[in-house]
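Asks: Before anything else, here's the structure in question.
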Amino acid sequence: MPHAFQTDDSRLPPIAEKVNARERLEAEDALALYRSADILAIGWLANSVRERLHGDTTYFNVNRHINPTNVCVAACRLCAFGRKKDAPGTYTMALEEAWETAASGYSEAVTEFHIVGGLHPDLPFSYFLDLISGLKQRFRKVHLKAFTMVEVAYLAKRAKLSIRETLEQLKLAGVDSLPGGGAEIFAERVRAIICDHKIDGSQWLETARIAHDLGLRSNATMLYGHVENEEDRVDHLLKLRALQDETNGFQTFIPLAFHPDNTPLQHLPKTSGMLDIKNIAISRLVLDNFAHIKAYWQMMTPKIAQISLRFGADDIDGTVIEEKIYHDAGATTPQGMRRQELVRLIEEAGRIAVERDTLYHPVTRTETSFTVAV
């Protein structure tokens, strides 16, 4: 590092000693980090861990989001995407439409389809199995990252199957891994306010545990900047870390900034850049068994994501063509970003851009084809 650790916050030097000795941080350490105003010192520590793990490498991928339906039985106060089935603005893609969406509108060959949607009260489980198998037949080389733990649990309930049976059938149809959404904040007090129609935190973790046991890797998220407090965030991180100790099935952690516009919580202020960066940094320091921390540019803006590459993040996500969920909640970032623009953001931050697939294998490509190193 260019200089020794420096801070005026007396709570931070003991934490720095732990970080330098590669010792695990505990709850009181994480709380001290959240309560400290010395973002540069916290960032210095997070960057030291990031560079120890990844050097200057920063990962991105070429991916496309597919949101098959916005019809949803849940009425989460955090959400501007889901709608009741008889509400204006609802849509549900026919299978052919979903497959055409996957193929259209972008010249570069994608390595990942990211598939999430609403909890539709009428679509049968077979629709989702056919959606996945049809995509796999048409795009054999594309990794299918499909359905949050919340969606899996809902599909299981509708199909009268166990979580394990549901995941086994999805895997057989062609699901390669699971996204990390729906985790929100695990604390029961918070979930009762923002997402009381969803599975609880323990059910989310158990669904992830079963997926990992079946060989399906997943991501993990934390939604912050609404009604949670610092203790809730720390509790969330430690529960994810404990499950990762058990399964080693999480690939990436993604802190997600809450976007209040067009939601029942729109009276809340938007997150600040300082809070966004602090969550990246603290995540890197606490989640010592997670290989990757992602700065999701769609939610925190490309500029803040770029800064985060010096505050613990080693991944900036991907091209994310046609993202709907966060834009319905007021995100003003572009709906997609070209590969060369992502490379520019990374390189201007002084990092080395490495294209990856979903499982972090390096990708080499021409404009319309790609090869994954395995």
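Within each chain, counting starts at residue 1; across the structure tokens, chains are named A, B, ... in the order shown, with ligands numbered 1 upward in that order.
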Env of Glu26 (chain A): 9 Å cut, atoms = only C-alpha atoms, seq-sep filter 3 positions within chain, self excluded. Answer as a list in words.
Replies: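 Skipping anything fewer than 3 positions along the chain leaves Asp29, Ala30, Leu31, Leu238 and Val286 of chain A.
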Asks: Counting only C-alpha atoms, what is within 10 Å of Lys294 (chain A), bar same-chain residues fewer than 3 positions away, as a PyMOL selection string?
Replies: chain A and resi 58-60+219+221+252-256+280+283-284+297+305+308-309+312-317
Asks: Include N, CA, C and O atoms and write out the residues we just selected as a compact mmCIF listing (two decimals), in the first residue's frame.
Replies:
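Result file follows (result16.txt):
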# COMPACT_ATOMS: atom_id res chain seq x y z
N THR A 58 -10.58 -6.09 -12.18
CA THR A 58 -12.00 -5.78 -11.96
C THR A 58 -12.82 -6.52 -13.00
O THR A 58 -12.57 -6.42 -14.20
N TYR A 59 -13.82 -7.26 -12.52
CA TYR A 59 -14.60 -8.13 -13.39
C TYR A 59 -15.87 -7.43 -13.89
O TYR A 59 -16.45 -6.59 -13.21
N PHE A 60 -16.29 -7.82 -15.08
CA PHE A 60 -17.58 -7.43 -15.63
C PHE A 60 -18.04 -8.55 -16.56
O PHE A 60 -17.26 -9.42 -16.93
N ASN A 219 -25.83 -15.78 -5.87
CA ASN A 219 -25.36 -14.53 -5.31
C ASN A 219 -26.12 -14.24 -4.03
O ASN A 219 -27.06 -14.96 -3.66
N THR A 221 -27.59 -10.66 -1.66
CA THR A 221 -27.76 -9.21 -1.66
C THR A 221 -28.16 -8.71 -0.28
O THR A 221 -28.52 -9.47 0.60
N THR A 252 -20.94 -14.04 -5.11
CA THR A 252 -20.77 -12.59 -5.07
C THR A 252 -21.77 -11.98 -4.10
O THR A 252 -22.91 -12.44 -4.02
N PHE A 253 -21.34 -10.96 -3.37
CA PHE A 253 -22.26 -10.18 -2.55
C PHE A 253 -22.48 -8.84 -3.21
O PHE A 253 -21.54 -8.19 -3.66
N ILE A 254 -23.76 -8.41 -3.24
CA ILE A 254 -24.13 -7.17 -3.90
C ILE A 254 -24.94 -6.31 -2.94
O ILE A 254 -26.11 -6.60 -2.67
N PRO A 255 -24.37 -5.24 -2.38
CA PRO A 255 -25.17 -4.28 -1.62
C PRO A 255 -26.05 -3.50 -2.60
O PRO A 255 -25.56 -2.99 -3.61
N LEU A 256 -27.34 -3.43 -2.30
CA LEU A 256 -28.29 -2.76 -3.19
C LEU A 256 -28.88 -1.53 -2.50
O LEU A 256 -29.50 -1.65 -1.44
N ILE A 280 -20.23 -0.88 0.52
CA ILE A 280 -19.27 -1.69 -0.26
C ILE A 280 -18.07 -2.04 0.61
O ILE A 280 -17.64 -3.20 0.70
N SER A 283 -18.84 -4.36 3.63
CA SER A 283 -19.11 -5.71 3.12
C SER A 283 -17.81 -6.46 2.82
O SER A 283 -17.67 -7.63 3.17
N ARG A 284 -16.87 -5.75 2.20
CA ARG A 284 -15.59 -6.40 1.87
C ARG A 284 -14.84 -6.81 3.14
O ARG A 284 -14.19 -7.87 3.17
N TRP A 297 -23.67 -1.00 -10.84
CA TRP A 297 -23.73 0.37 -11.35
C TRP A 297 -25.15 0.84 -11.63
O TRP A 297 -25.44 2.04 -11.56
N ALA A 305 -20.11 3.59 -8.62
CA ALA A 305 -19.57 2.24 -8.82
C ALA A 305 -18.08 2.32 -9.16
O ALA A 305 -17.28 1.49 -8.69
N SER A 308 -16.16 2.98 -6.10
CA SER A 308 -16.19 1.80 -5.24
C SER A 308 -15.09 0.80 -5.57
O SER A 308 -14.74 -0.04 -4.73
N LEU A 309 -14.54 0.88 -6.78
CA LEU A 309 -13.45 -0.02 -7.15
C LEU A 309 -12.18 0.27 -6.34
O LEU A 309 -11.24 -0.54 -6.37
N GLY A 312 -13.16 -1.47 -2.13
CA GLY A 312 -13.46 -2.85 -1.81
C GLY A 312 -14.10 -3.65 -2.92
O GLY A 312 -14.06 -4.89 -2.89
N ALA A 313 -14.74 -3.02 -3.88
CA ALA A 313 -15.42 -3.76 -4.94
C ALA A 313 -14.43 -4.24 -5.99
O ALA A 313 -13.49 -3.52 -6.35
N ASP A 314 -14.65 -5.45 -6.48
CA ASP A 314 -13.81 -5.98 -7.57
C ASP A 314 -14.65 -6.35 -8.78
O ASP A 314 -14.14 -6.92 -9.74
N ASP A 315 -15.95 -6.03 -8.75
CA ASP A 315 -16.86 -6.38 -9.84
C ASP A 315 -17.82 -5.21 -10.04
O ASP A 315 -18.27 -4.60 -9.07
N ILE A 316 -18.12 -4.89 -11.31
CA ILE A 316 -18.99 -3.76 -11.62
C ILE A 316 -20.25 -4.22 -12.32
O ILE A 316 -21.00 -3.43 -12.86
N ASP A 317 -20.53 -5.54 -12.31
CA ASP A 317 -21.65 -6.17 -12.99
C ASP A 317 -21.46 -6.09 -14.49
O ASP A 317 -20.33 -6.21 -14.95
Asks: Kindly indicate which residue among A:Ser162, A:Ser48, A:Thr148, A:Asn63 lies nearest to Gly318 (chain A), using only C-alpha atoms for the distances.
Replies: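 Answer, going by the shortest atom-to-atom distance: A:Asn63.
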Asks: Distance table requested - region 91-192 of chain A against region 201-216 of chain A, cut-off 6 Å, only C-alpha atoms: one row per qualifying residue with the closest atom pair and its distance in Å to one decimal, ordered by chain and rising residue number, as a Markdown table.
Replies:
| residue | atom | partner | partner_atom | distance |
| --- | --- | --- | --- | --- |
| A:Met149 | CA | A:Trp204 | CA | 5.7 |
| A:Ser177 | CA | A:Leu216 | CA | 5.0 |
| A:Phe186 | CA | A:Gly201 | CA | 4.3 |
Asks: For the residues in that selection, give me all heavy atoms as a PDB file, in the first residue's frame.
Replies:
ATOM      1  N   MET A 149     -34.562 -16.685  -4.459  1.00  0.00           N
ATOM      2  CA  MET A 149     -35.029 -17.623  -3.439  1.00  0.00           C
ATOM      3  C   MET A 149     -36.527 -17.421  -3.169  1.00  0.00           C
ATOM      4  O   MET A 149     -37.255 -18.390  -2.915  1.00  0.00           O
ATOM      5  CB  MET A 149     -34.249 -17.446  -2.135  1.00  0.00           C
ATOM      6  CG  MET A 149     -32.741 -17.415  -2.278  1.00  0.00           C
ATOM      7  SD  MET A 149     -32.049 -18.848  -3.103  1.00  0.00           S
ATOM      8  CE  MET A 149     -30.390 -18.237  -3.424  1.00  0.00           C
ATOM      9  N   SER A 177     -27.516 -21.211 -12.190  1.00  0.00           N
ATOM     10  CA  SER A 177     -27.255 -20.610 -10.878  1.00  0.00           C
ATOM     11  C   SER A 177     -28.426 -19.707 -10.539  1.00  0.00           C
ATOM     12  O   SER A 177     -29.335 -19.509 -11.355  1.00  0.00           O
ATOM     13  CB  SER A 177     -25.940 -19.825 -10.879  1.00  0.00           C
ATOM     14  OG  SER A 177     -26.056 -18.641 -11.661  1.00  0.00           O
ATOM     15  N   PHE A 186     -32.727  -9.318   6.622  1.00  0.00           N
ATOM     16  CA  PHE A 186     -33.267 -10.517   7.257  1.00  0.00           C
ATOM     17  C   PHE A 186     -34.069 -10.227   8.529  1.00  0.00           C
ATOM     18  O   PHE A 186     -34.900 -11.035   8.937  1.00  0.00           O
ATOM     19  CB  PHE A 186     -32.141 -11.499   7.582  1.00  0.00           C
ATOM     20  CG  PHE A 186     -31.489 -12.097   6.365  1.00  0.00           C
ATOM     21  CD1 PHE A 186     -30.114 -12.317   6.338  1.00  0.00           C
ATOM     22  CD2 PHE A 186     -32.235 -12.443   5.252  1.00  0.00           C
ATOM     23  CE1 PHE A 186     -29.507 -12.884   5.230  1.00  0.00           C
ATOM     24  CE2 PHE A 186     -31.630 -13.004   4.129  1.00  0.00           C
ATOM     25  CZ  PHE A 186     -30.264 -13.223   4.115  1.00  0.00           C
TER      26      PHE A 186
END
Asks: Return as a list in words the full set of residues in region 267-319 of chain A whose backbone-based DSSP assignment is strand (DSSP E or B).
Replies: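 Across region 267-319 of chain A, those assigned strand (DSSP E or B) are His292, Ile293, Lys294, Asp315, Ile316, Asp317 and Gly318 of chain A.
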Asks: With a distance cut-off of 8 Å and only C-alpha atoms, select the neighbouring residues of Trp99 (chain A), excluding the residue or stretch itself and same-chain residues fewer than 6 positions from it, and output the selection as a PyMOL selection string.
Replies: chain A and resi 131+134-135
Asks: Find the spatial neighbours of Lys84 (chain A), counting only C-alpha atoms, within a cut-off of 7 Å - ignore same-chain residues fewer than 5 positions away - and output them as an NGL selection string.
Replies: :A and (71-73)
Asks: Quote the spacing between CA of Tyr154 (chain A) and CA of His259 (chain A) in Å to one decimal place.
Replies: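 Separating CA of Tyr154 (chain A) from CA of His259 (chain A) is a distance of 24.5 Å.
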